[in-house]
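> Input structure: target.txt, which contains compact mmCIF, C-alpha atoms (C1' of nucleotides).
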# COMPACT_ATOMS: atom_id res chain seq x y z
CA MET A 11 -16.32 -8.22 20.40
CA ARG A 12 -14.93 -11.27 22.14
CA LEU A 13 -14.10 -14.25 19.90
CA SER A 14 -13.94 -17.56 21.70
CA ASN A 15 -14.37 -20.30 19.05
CA ARG A 16 -11.12 -21.62 17.61
CA THR A 17 -10.40 -23.31 14.27
CA LEU A 18 -6.90 -24.80 14.08
CA PHE A 19 -4.88 -25.93 11.07
CA VAL A 20 -1.36 -25.98 9.68
CA ILE A 21 -0.06 -24.36 6.49
CA ARG A 22 3.06 -25.76 4.84
CA PRO A 23 4.42 -23.06 2.48
CA ILE A 24 6.53 -23.78 -0.59
CA PRO A 25 10.16 -23.26 0.52
CA PRO A 26 12.17 -21.19 0.82
CA TYR A 27 9.79 -19.32 3.15
CA ASP A 28 10.97 -16.93 5.85
CA PHE A 29 7.96 -16.36 8.12
CA GLU A 30 9.25 -13.23 9.87
CA LEU A 31 10.40 -11.50 6.66
CA THR A 32 7.06 -12.35 5.04
CA VAL A 33 4.69 -11.09 7.75
CA ARG A 34 6.91 -8.22 9.06
CA LYS A 35 8.56 -6.83 5.96
CA PRO A 36 11.75 -4.77 6.46
CA ALA A 37 10.22 -1.59 4.97
CA GLY A 38 7.50 -1.74 7.64
CA TRP A 39 4.69 -3.18 5.50
CA SER A 40 2.31 -5.10 7.75
CA LEU A 41 0.42 -8.26 6.73
CA LEU A 42 -3.13 -6.86 7.04
CA ASN A 43 -3.07 -3.68 9.07
CA PRO A 44 -0.57 -1.48 10.92
CA LEU A 45 -2.15 -2.16 14.32
CA GLU A 46 -1.60 -5.93 14.33
CA VAL A 47 0.75 -7.35 16.97
CA TYR A 48 3.94 -9.35 16.37
CA ARG A 49 5.90 -10.94 19.22
CA GLU A 50 8.57 -13.64 19.18
CA GLY A 51 7.54 -15.42 15.99
CA THR A 52 3.76 -15.01 16.42
CA LEU A 53 1.45 -12.54 14.67
CA TRP A 54 -2.03 -11.58 15.92
CA THR A 55 -4.21 -9.82 13.37
CA ALA A 56 -7.86 -9.50 12.29
CA THR A 57 -9.86 -9.39 9.08
CA HIS A 58 -13.24 -10.26 7.57
CA PHE A 59 -13.95 -13.67 6.04
CA ASP A 60 -17.26 -13.45 4.13
CA ARG A 61 -18.22 -10.35 6.14
CA GLU A 62 -17.52 -12.15 9.43
CA LEU A 63 -14.90 -10.47 11.61
CA VAL A 64 -12.31 -13.03 12.72
CA GLY A 65 -9.10 -12.93 14.77
CA ILE A 66 -6.05 -14.72 13.41
CA ARG A 67 -3.00 -16.04 15.23
CA LEU A 68 -0.08 -17.17 13.06
CA THR A 69 3.01 -18.84 14.47
CA GLY A 70 6.07 -19.50 12.31
CA LYS A 71 7.63 -22.90 12.94
CA GLY A 72 10.31 -25.00 11.27
CA THR A 73 13.01 -23.41 9.11
CA VAL A 74 13.23 -21.41 5.89
CA GLU A 75 13.82 -24.64 3.97
CA HIS A 76 11.23 -26.68 5.95
CA PRO A 77 8.63 -24.05 6.89
CA ARG A 78 5.37 -24.55 8.77
CA ILE A 79 2.79 -22.05 9.99
CA ASP A 80 0.48 -22.98 12.88
CA VAL A 81 -2.82 -21.15 12.42
CA ALA A 82 -5.63 -20.43 14.89
CA ILE A 83 -8.70 -18.56 13.65
CA PHE A 84 -10.95 -17.10 16.34
CA SER A 85 -14.62 -16.46 15.56
CA SER A 86 -17.86 -15.68 17.37
CA LYS A 87 -19.66 -18.58 15.67
CA ARG A 88 -18.75 -22.25 15.57
CA HIS A 89 -17.70 -23.44 12.12
CA GLY A 90 -17.43 -26.85 10.47
CA ALA A 91 -14.78 -28.56 8.37
CA GLY A 92 -15.97 -26.94 5.12
CA TRP A 93 -15.48 -23.44 6.50
CA ALA A 94 -12.06 -24.40 7.87
CA ALA A 95 -10.97 -25.73 4.46
CA GLY A 96 -12.06 -22.48 2.80
CA ALA A 97 -10.26 -20.40 5.43
CA GLU A 98 -7.09 -22.46 4.99
CA LYS A 99 -7.12 -21.98 1.21
CA LEU A 100 -7.72 -18.24 1.51
CA LEU A 101 -5.10 -17.70 4.20
CA SER A 102 -2.50 -19.75 2.29
CA SER A 103 -3.01 -17.48 -0.66
CA MET A 104 -2.90 -14.31 1.51
CA LEU A 105 0.38 -15.49 3.07
CA GLY A 106 1.93 -16.26 -0.31
CA ALA A 107 2.43 -19.83 0.91
CA ASP A 108 1.65 -21.25 -2.53
CA GLN A 109 4.15 -18.97 -4.35
CA ASP A 110 7.09 -20.79 -5.90
CA LEU A 111 9.98 -18.30 -5.88
CA SER A 112 12.38 -20.47 -7.88
CA GLN A 113 11.72 -18.93 -11.33
CA PHE A 114 11.96 -15.37 -9.98
CA TYR A 115 15.21 -16.24 -8.19
CA SER A 116 16.70 -17.77 -11.39
CA PHE A 117 15.87 -14.54 -13.23
CA ALA A 118 17.06 -12.30 -10.38
CA LYS A 119 20.48 -13.98 -10.10
CA ARG A 120 21.36 -12.61 -13.55
CA ASP A 121 20.34 -9.00 -12.74
CA GLY A 122 22.85 -6.53 -11.30
CA ILE A 123 20.36 -5.09 -8.79
CA LEU A 124 18.18 -8.07 -7.97
CA LYS A 125 21.04 -10.48 -7.25
CA HIS A 126 21.70 -8.46 -4.07
CA VAL A 127 18.10 -8.21 -2.84
CA ILE A 128 17.30 -11.92 -3.17
CA ASP A 129 20.43 -12.65 -1.17
CA ASP A 130 19.45 -10.21 1.60
CA LEU A 131 15.76 -11.21 1.70
CA TYR A 132 15.97 -14.92 0.87
CA GLY A 133 12.61 -16.59 1.50
CA MET A 134 10.43 -13.44 1.65
CA HIS A 135 7.07 -14.06 -0.04
CA ASP A 136 4.59 -11.50 -1.34
CA THR A 137 1.33 -11.30 0.63
CA PHE A 138 -2.02 -9.63 -0.03
CA SER A 139 -5.18 -8.64 1.77
CA ASN A 140 -8.45 -10.44 1.05
CA THR A 141 -10.42 -7.17 1.10
CA ILE A 142 -10.21 -4.70 -1.79
CA PHE A 143 -11.54 -1.85 0.37
CA SER A 144 -8.58 -1.91 2.77
CA GLU A 145 -6.05 -2.07 -0.10
CA ALA A 146 -7.77 0.79 -1.94
CA VAL A 147 -8.01 3.00 1.17
CA LEU A 148 -4.32 2.33 1.84
CA ALA A 149 -3.49 3.44 -1.70
CA ILE A 150 -5.62 6.61 -1.34
CA LEU A 151 -3.94 7.51 1.95
CA LEU A 152 -0.52 7.15 0.32
CA GLN A 153 -1.39 9.80 -2.26
CA MET A 154 0.25 13.23 -2.01
CA ALA A 155 1.64 12.75 1.47
CA PRO A 156 4.97 11.81 3.02
CA LEU A 157 5.01 8.28 4.45
CA LYS A 158 4.85 9.50 8.05
CA ARG A 159 1.66 11.42 7.40
CA SER A 160 0.14 8.49 5.45
CA ASN A 161 0.78 6.25 8.45
CA GLU A 162 -0.81 8.76 10.82
CA MET A 163 -3.92 8.94 8.61
CA MET A 164 -4.09 5.14 8.38
CA VAL A 165 -3.80 4.56 12.14
CA SER A 166 -6.34 7.29 12.85
CA PHE A 167 -8.77 5.81 10.28
CA ILE A 168 -8.56 2.32 11.81
CA ASN A 169 -8.81 3.62 15.39
CA GLU A 170 -11.81 5.83 14.63
CA TYR A 171 -13.85 3.45 12.49
CA GLY A 172 -12.47 -0.10 12.85
CA ASP A 173 -14.09 -2.73 15.08
CA THR A 174 -12.06 -4.23 17.91
CA VAL A 175 -11.86 -7.96 18.54
CA GLU A 176 -10.60 -9.67 21.69
CA PHE A 177 -9.09 -13.11 21.35
CA ASP A 178 -6.18 -15.12 22.70
CA GLY A 179 -5.43 -12.40 25.28
CA GLU A 180 -5.02 -9.70 22.59
CA ARG A 181 -7.15 -6.75 21.49
CA ILE A 182 -6.83 -6.02 17.75
CA ARG A 183 -8.57 -3.44 15.59
CA ALA A 184 -9.55 -4.43 12.05
CA TRP A 185 -9.81 -2.23 8.96
CA PRO A 186 -13.20 -0.50 8.72
CA THR A 187 -15.63 -2.05 6.24
CA PRO A 188 -17.28 -0.40 3.22
CA GLN A 189 -20.65 -1.17 4.88
CA LYS A 190 -19.71 1.10 7.77
CA MET A 191 -17.94 3.82 5.79
CA ALA A 192 -20.73 4.20 3.19
CA ASN A 193 -22.89 5.80 5.89
CA VAL A 194 -20.25 8.14 7.32
CA ASP A 195 -20.39 11.86 6.56
CA GLN A 196 -17.48 13.02 4.41
CA GLU A 197 -16.71 16.09 6.51
CA GLU A 198 -16.82 14.07 9.71
CA LEU A 199 -14.28 11.60 8.28
CA ALA A 200 -12.00 14.43 7.13
CA ARG A 201 -12.16 16.11 10.55
CA ARG A 202 -11.74 12.99 12.72
CA CYS A 203 -8.90 11.42 10.73
CA ARG A 204 -7.28 14.53 9.20
CA VAL A 205 -7.42 12.92 5.76
CA GLY A 206 -8.37 16.13 3.96
CA TYR A 207 -9.74 15.81 0.41
CA ARG A 208 -9.15 12.02 0.52
CA ALA A 209 -12.34 11.65 2.61
CA LYS A 210 -14.46 12.21 -0.51
CA SER A 211 -12.71 9.36 -2.38
CA ILE A 212 -12.99 6.97 0.58
CA ILE A 213 -16.75 7.48 1.02
CA LYS A 214 -17.37 7.26 -2.75
CA LEU A 215 -15.22 4.11 -2.88
CA ALA A 216 -17.22 2.45 -0.09
CA LYS A 217 -20.50 3.30 -1.82
CA ARG A 218 -19.25 2.05 -5.19
CA LEU A 219 -18.08 -1.27 -3.75
CA LEU A 220 -21.51 -1.80 -2.21
CA ALA A 221 -23.56 -0.52 -5.14
CA VAL A 222 -22.12 -2.65 -7.92
CA ASP A 223 -21.08 -6.24 -8.12
CA PHE A 224 -17.38 -5.41 -7.91
CA PRO A 225 -15.08 -8.46 -8.14
CA SER A 226 -13.52 -9.75 -4.91
CA ALA A 227 -9.75 -9.94 -4.43
CA GLU A 228 -9.87 -13.63 -5.38
CA GLU A 229 -11.89 -12.90 -8.51
CA LEU A 230 -9.42 -10.19 -9.53
CA GLU A 231 -6.64 -12.73 -9.10
CA ARG A 232 -8.41 -15.15 -11.44
CA MET A 233 -8.76 -12.45 -14.15
CA ASP A 234 -5.84 -11.61 -16.40
CA SER A 235 -3.74 -8.72 -15.14
CA ASP A 236 -4.96 -6.09 -17.64
CA ARG A 237 -8.64 -6.85 -17.01
CA ALA A 238 -8.11 -6.66 -13.23
CA ARG A 239 -6.35 -3.33 -13.67
CA GLU A 240 -9.19 -1.95 -15.81
CA ALA A 241 -11.70 -2.92 -13.12
CA LEU A 242 -9.62 -1.21 -10.42
CA LEU A 243 -9.30 1.99 -12.47
CA GLU A 244 -13.10 2.32 -12.41
CA LEU A 245 -13.00 2.84 -8.64
CA PRO A 246 -13.16 6.44 -7.29
CA GLY A 247 -9.76 7.80 -6.22
CA ILE A 248 -7.88 4.96 -7.92
CA GLY A 249 -5.56 5.96 -10.75
CA ASP A 250 -2.56 4.44 -12.45
CA TYR A 251 -0.30 4.27 -9.40
CA SER A 252 -2.94 3.01 -6.95
CA ALA A 253 -4.20 0.33 -9.36
CA ASP A 254 -0.65 -1.04 -9.58
CA ILE A 255 -0.53 -1.27 -5.78
CA ILE A 256 -3.89 -3.04 -5.42
CA ASN A 257 -3.73 -5.37 -8.44
CA PRO A 258 -3.18 -8.93 -7.10
CA HIS A 259 -1.14 -9.61 -10.26
CA GLY A 260 1.16 -6.75 -9.29
CA GLY A 261 2.23 -3.80 -11.39
CA PHE A 262 5.17 -1.43 -11.30
CA PRO A 263 3.80 1.35 -9.05
CA ILE A 264 6.13 4.27 -9.63
CA ASP A 265 5.37 7.49 -7.79
CA VAL A 266 7.48 10.57 -7.09
CA TRP A 267 9.51 8.90 -4.34
CA SER A 268 10.14 5.60 -6.16
CA ALA A 269 10.97 7.52 -9.37
CA GLU A 270 13.90 8.98 -7.44
CA VAL A 271 14.95 5.59 -6.00
CA PHE A 272 14.67 3.58 -9.22
CA GLY A 273 15.98 6.48 -11.32
CA LYS A 274 19.14 6.32 -9.29
CA LEU A 275 19.37 2.52 -9.52
CA PHE A 276 18.69 2.41 -13.29
CA PHE A 277 20.54 5.49 -14.49
CA GLY A 278 23.06 6.10 -11.70
CA LYS A 279 21.70 9.54 -10.82
CA GLU A 280 18.59 11.17 -9.39
CA PRO A 281 16.15 12.51 -11.99
CA ARG A 282 16.19 16.31 -12.33
CA ASN A 283 12.44 16.34 -11.70
CA ASN A 284 10.97 13.26 -9.98
CA ARG A 285 7.38 13.92 -11.09
CA ASP A 286 8.39 14.22 -14.74
CA ALA A 287 10.56 11.08 -14.44
CA VAL A 288 7.73 8.76 -13.31
CA GLU A 289 6.78 7.53 -16.81
CA ARG A 290 10.40 7.16 -17.96
CA VAL A 291 11.39 5.14 -14.87
CA LYS A 292 8.29 2.98 -15.17
CA ARG A 293 9.03 2.17 -18.81
CA GLU A 294 12.61 1.23 -17.95
CA GLY A 295 11.53 -1.03 -15.06
CA ILE A 296 9.05 -2.90 -17.24
CA ARG A 297 11.59 -3.17 -20.09
CA ARG A 298 14.28 -4.47 -17.74
CA TRP A 299 12.21 -6.82 -15.56
CA GLY A 300 9.18 -7.68 -17.74
CA LYS A 301 6.83 -10.14 -16.04
CA TRP A 302 8.93 -9.97 -12.88
CA ALA A 303 8.53 -6.18 -12.54
CA TRP A 304 6.27 -6.41 -9.47
CA MET A 305 8.46 -8.92 -7.61
CA ALA A 306 11.52 -6.85 -8.50
CA PHE A 307 9.83 -3.68 -7.21
CA PHE A 308 8.64 -5.46 -4.06
CA TYR A 309 12.04 -6.95 -3.19
CA THR A 310 13.94 -3.75 -4.03
CA VAL A 311 11.88 -1.39 -1.85
CA GLN A 312 12.25 -3.77 1.10
CA ASP A 313 16.05 -3.73 0.81
CA LEU A 314 17.06 -0.14 0.14
CA GLU A 315 19.46 -0.06 3.06
CA GLY A 316 21.21 -3.24 1.87
CA LEU A 317 21.34 -1.95 -1.70
CA SER A 318 22.77 1.41 -0.59
CA ARG A 319 25.58 -0.49 1.13
CA LYS A 320 26.28 -3.02 -1.60
CA LEU A 321 26.07 -0.67 -4.57
CA GLY A 322 27.74 2.25 -2.79
CA THR A 323 24.82 4.48 -3.78
CA ARG A 324 23.06 6.76 -1.32
CA ILE A 325 19.35 5.98 -1.57
CA ARG A 326 16.66 7.93 0.26
CA LEU A 327 14.86 5.33 2.40
CA THR A 328 11.53 7.12 2.99
C1' DG B 27 6.74 33.55 14.47
C1' DC B 28 5.11 33.79 9.83
C1' DG B 29 4.76 32.85 4.87
C1' DT B 30 5.75 29.71 1.23
C1' DC B 31 6.60 25.41 -0.80
C1' DC B 32 5.79 20.74 -1.59
C1' DA B 33 4.95 15.83 -0.69
C1' DG B 34 5.25 8.05 -2.20
C1' DG B 35 -1.76 11.18 -7.32
C1' DT B 36 -6.27 11.87 -8.99
C1' DC B 37 -9.94 14.33 -10.94
C1' DT B 38 -12.03 17.79 -13.70
C1' DA B 39 -12.70 21.77 -16.45
C1' DC B 40 -11.13 23.68 -20.35
C1' DC B 41 -9.06 23.88 -24.78
C1' DG C 25 -7.43 13.52 -26.47
C1' DG C 26 -4.26 16.30 -23.80
C1' DT C 27 -3.17 19.12 -19.85
C1' DA C 28 -3.07 22.82 -16.19
C1' DG C 29 -4.74 23.57 -11.81
C1' DA C 30 -7.04 22.41 -7.53
C1' DC C 31 -7.04 19.65 -3.64
C1' DC C 32 -6.19 18.70 2.81
C1' DT C 33 -2.59 18.83 5.86
C1' DG C 34 1.69 19.34 8.14
C1' DG C 35 6.72 19.52 8.10
C1' DA C 36 10.80 21.91 6.24
C1' DC C 37 12.85 25.96 5.12
C1' DG C 38 13.98 30.87 4.63
C1' DC C 39 13.52 35.24 6.50
Could you take the file, read its structure, and then write that structure out as structure tokens?


Amino acid sequence: MRLSNRTLFVIRPIPPYDFELTVRKPAGWSLLNPLEVYREGTLWTATHFDRELVGIRLTGKGTVEHPRIDVAIFSSKRHGAGWAAGAEKLLSSMLGADQDLSQFYSFAKRDGILKHVIDDLYGMHDTFSNTIFSEAVLAILLQMAPLKRSNEMMVSFINEYGDTVEFDGERIRAWPTPQKMANVDQEELARRCRVGYRAKSIIKLAKRLLAVDFPSAEELERMDSDRAREALLELPGIGDYSADIINPHGGFPIDVWSAEVFGKLFFGKEPRNNRDAVERVKREGIRRWGKWAWMAFFYTVQDLEGLSRKLGTRIRLT
DNA sequence: GCGTCCAGGTCTACC
DNA sequence: GGTAGACCTGGACGC
């Protein structure tokens, strides 16, 4: 699909805001999907706004202390000022442009681990996708697989079932939609994308999101954190760990790998059994970081190399 | 080359 | 209400 109509506007994030760190996070987390393109300060990506597939070009301008993002949204239809205002509000939120980091930084400066990561990643904001389906599928594909295999499943899923848009000289594939996946055969999905038993959860998830009036990402953000989490736990294939990943309020998503990492940071040694240590490590993280647990988790996993160096602790990176 | 184990969880049957 | 076992696949490891 070729997208030729452009809507232009500027976003001025709350400083400090490091555009590159925010849209291309050091641990390899992409803004919206792993197939988006980043080149010399500009990101090309694609998503759905109100079920309409749009292309997005973001260019970081200014400095960390005086940031500016030039935005171009490419669509097949022409849109008016009202649509543009809605898109600007949504994208600002997705880019974390309205996050004020000052309180988190004040807290982090007094913590033996966090004081290092906020120094290394100064100005990195948290971002989130506007579609629950993509976040939930990502969480499902992370389950019971090494990161390399999760990435392979993710790329295969997007290539096999995502729509391609052409805009601004780029070709970008977007995450598949629940509308499309609800009609796909489970065995076909498993075979084409090598996702194994996860295919069942993905198809059931797509059907559930279409069948009931499930809250949107924005609605989940307006709920209190516990209520949002409860809603997410009702989705097929979404348990404790995945709900913490998807929840716009953030959680403390400890799995086998992060139990090892945080176990080492908290207690100075690797747990004897990572799977058994998950609950203990999670409790300690929430006790230590309280309402900042998500931001602390987010910053820490992006800076494991820096922390290994500064703390003199060998941490497994992936 | 082959068999076994296990990995960045979740669900379900069984007690 | 608590928990053991199953679940796709592919890489690592031992033999």

> With the cut-off set at 7 Å and counting all atoms listed in the file, tabulate each residue of chain A with an atom at most that distance from an atom of chain B, showing the nearest atom pair and its distance in Å to one decimal, ordered by chain and increasing number, as CSV.


residue,atom,partner,partner_atom,distance
A:Leu152,CA,B:DG34,C1',6.4
A:Gln153,CA,B:DG35,C1',5.3
A:Met154,CA,B:DA33,C1',5.5
A:Ala155,CA,B:DA33,C1',5.0
A:Pro156,CA,B:DA33,C1',5.5
A:Leu157,CA,B:DG34,C1',6.7
A:Gly247,CA,B:DT36,C1',6.0
A:Gly249,CA,B:DT36,C1',6.2
A:Asp265,CA,B:DG34,C1',5.6
A:Val266,CA,B:DG34,C1',5.9
A:Trp267,CA,B:DG34,C1',4.8
A:Ser268,CA,B:DG34,C1',6.8

> Can you measure CA of Ala94 (chain A) to CA of Glu228 (chain A) for me? One decimal in Å is fine.

17.2 Å

> Rounded to one decimal in Å, what is the spacing between CA of Ser86 (chain A) and CA of Asn169 (chain A)?

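Interatomic distance here is 21.4 Å.
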
> If I take CA of Glu315 (chain A) and CA of Met134 (chain A), how far is one from the other in Å, to one decimal?

16.2 Å

> Please return, as a PyMOL selection string, all residues of chain A lying within 7 Å of chain C when all atoms listed in the file are considered.

chain A and resi 205-207

> Is it possible to get the axis-aligned box enclosing region 27-40 of chain B (all listed atoms, 3 Å extra per side) as JSON, with centre and edge lengths in Å rounded to one decimal?


{"center_x": -3.0, "center_y": 20.9, "center_z": -2.9, "size_x": 25.4, "size_y": 31.7, "size_z": 40.8}

> Please list as an MDAnalysis selection string every residue within 10 Å of region 289-302 of chain A, counting only C-alpha atoms (C1' of nucleotides) and excluding residues in the same chain fewer than 5 positions away.

chainID A and resid 113:114 117:118 121 124 259:265 268:277 281 284 307:308
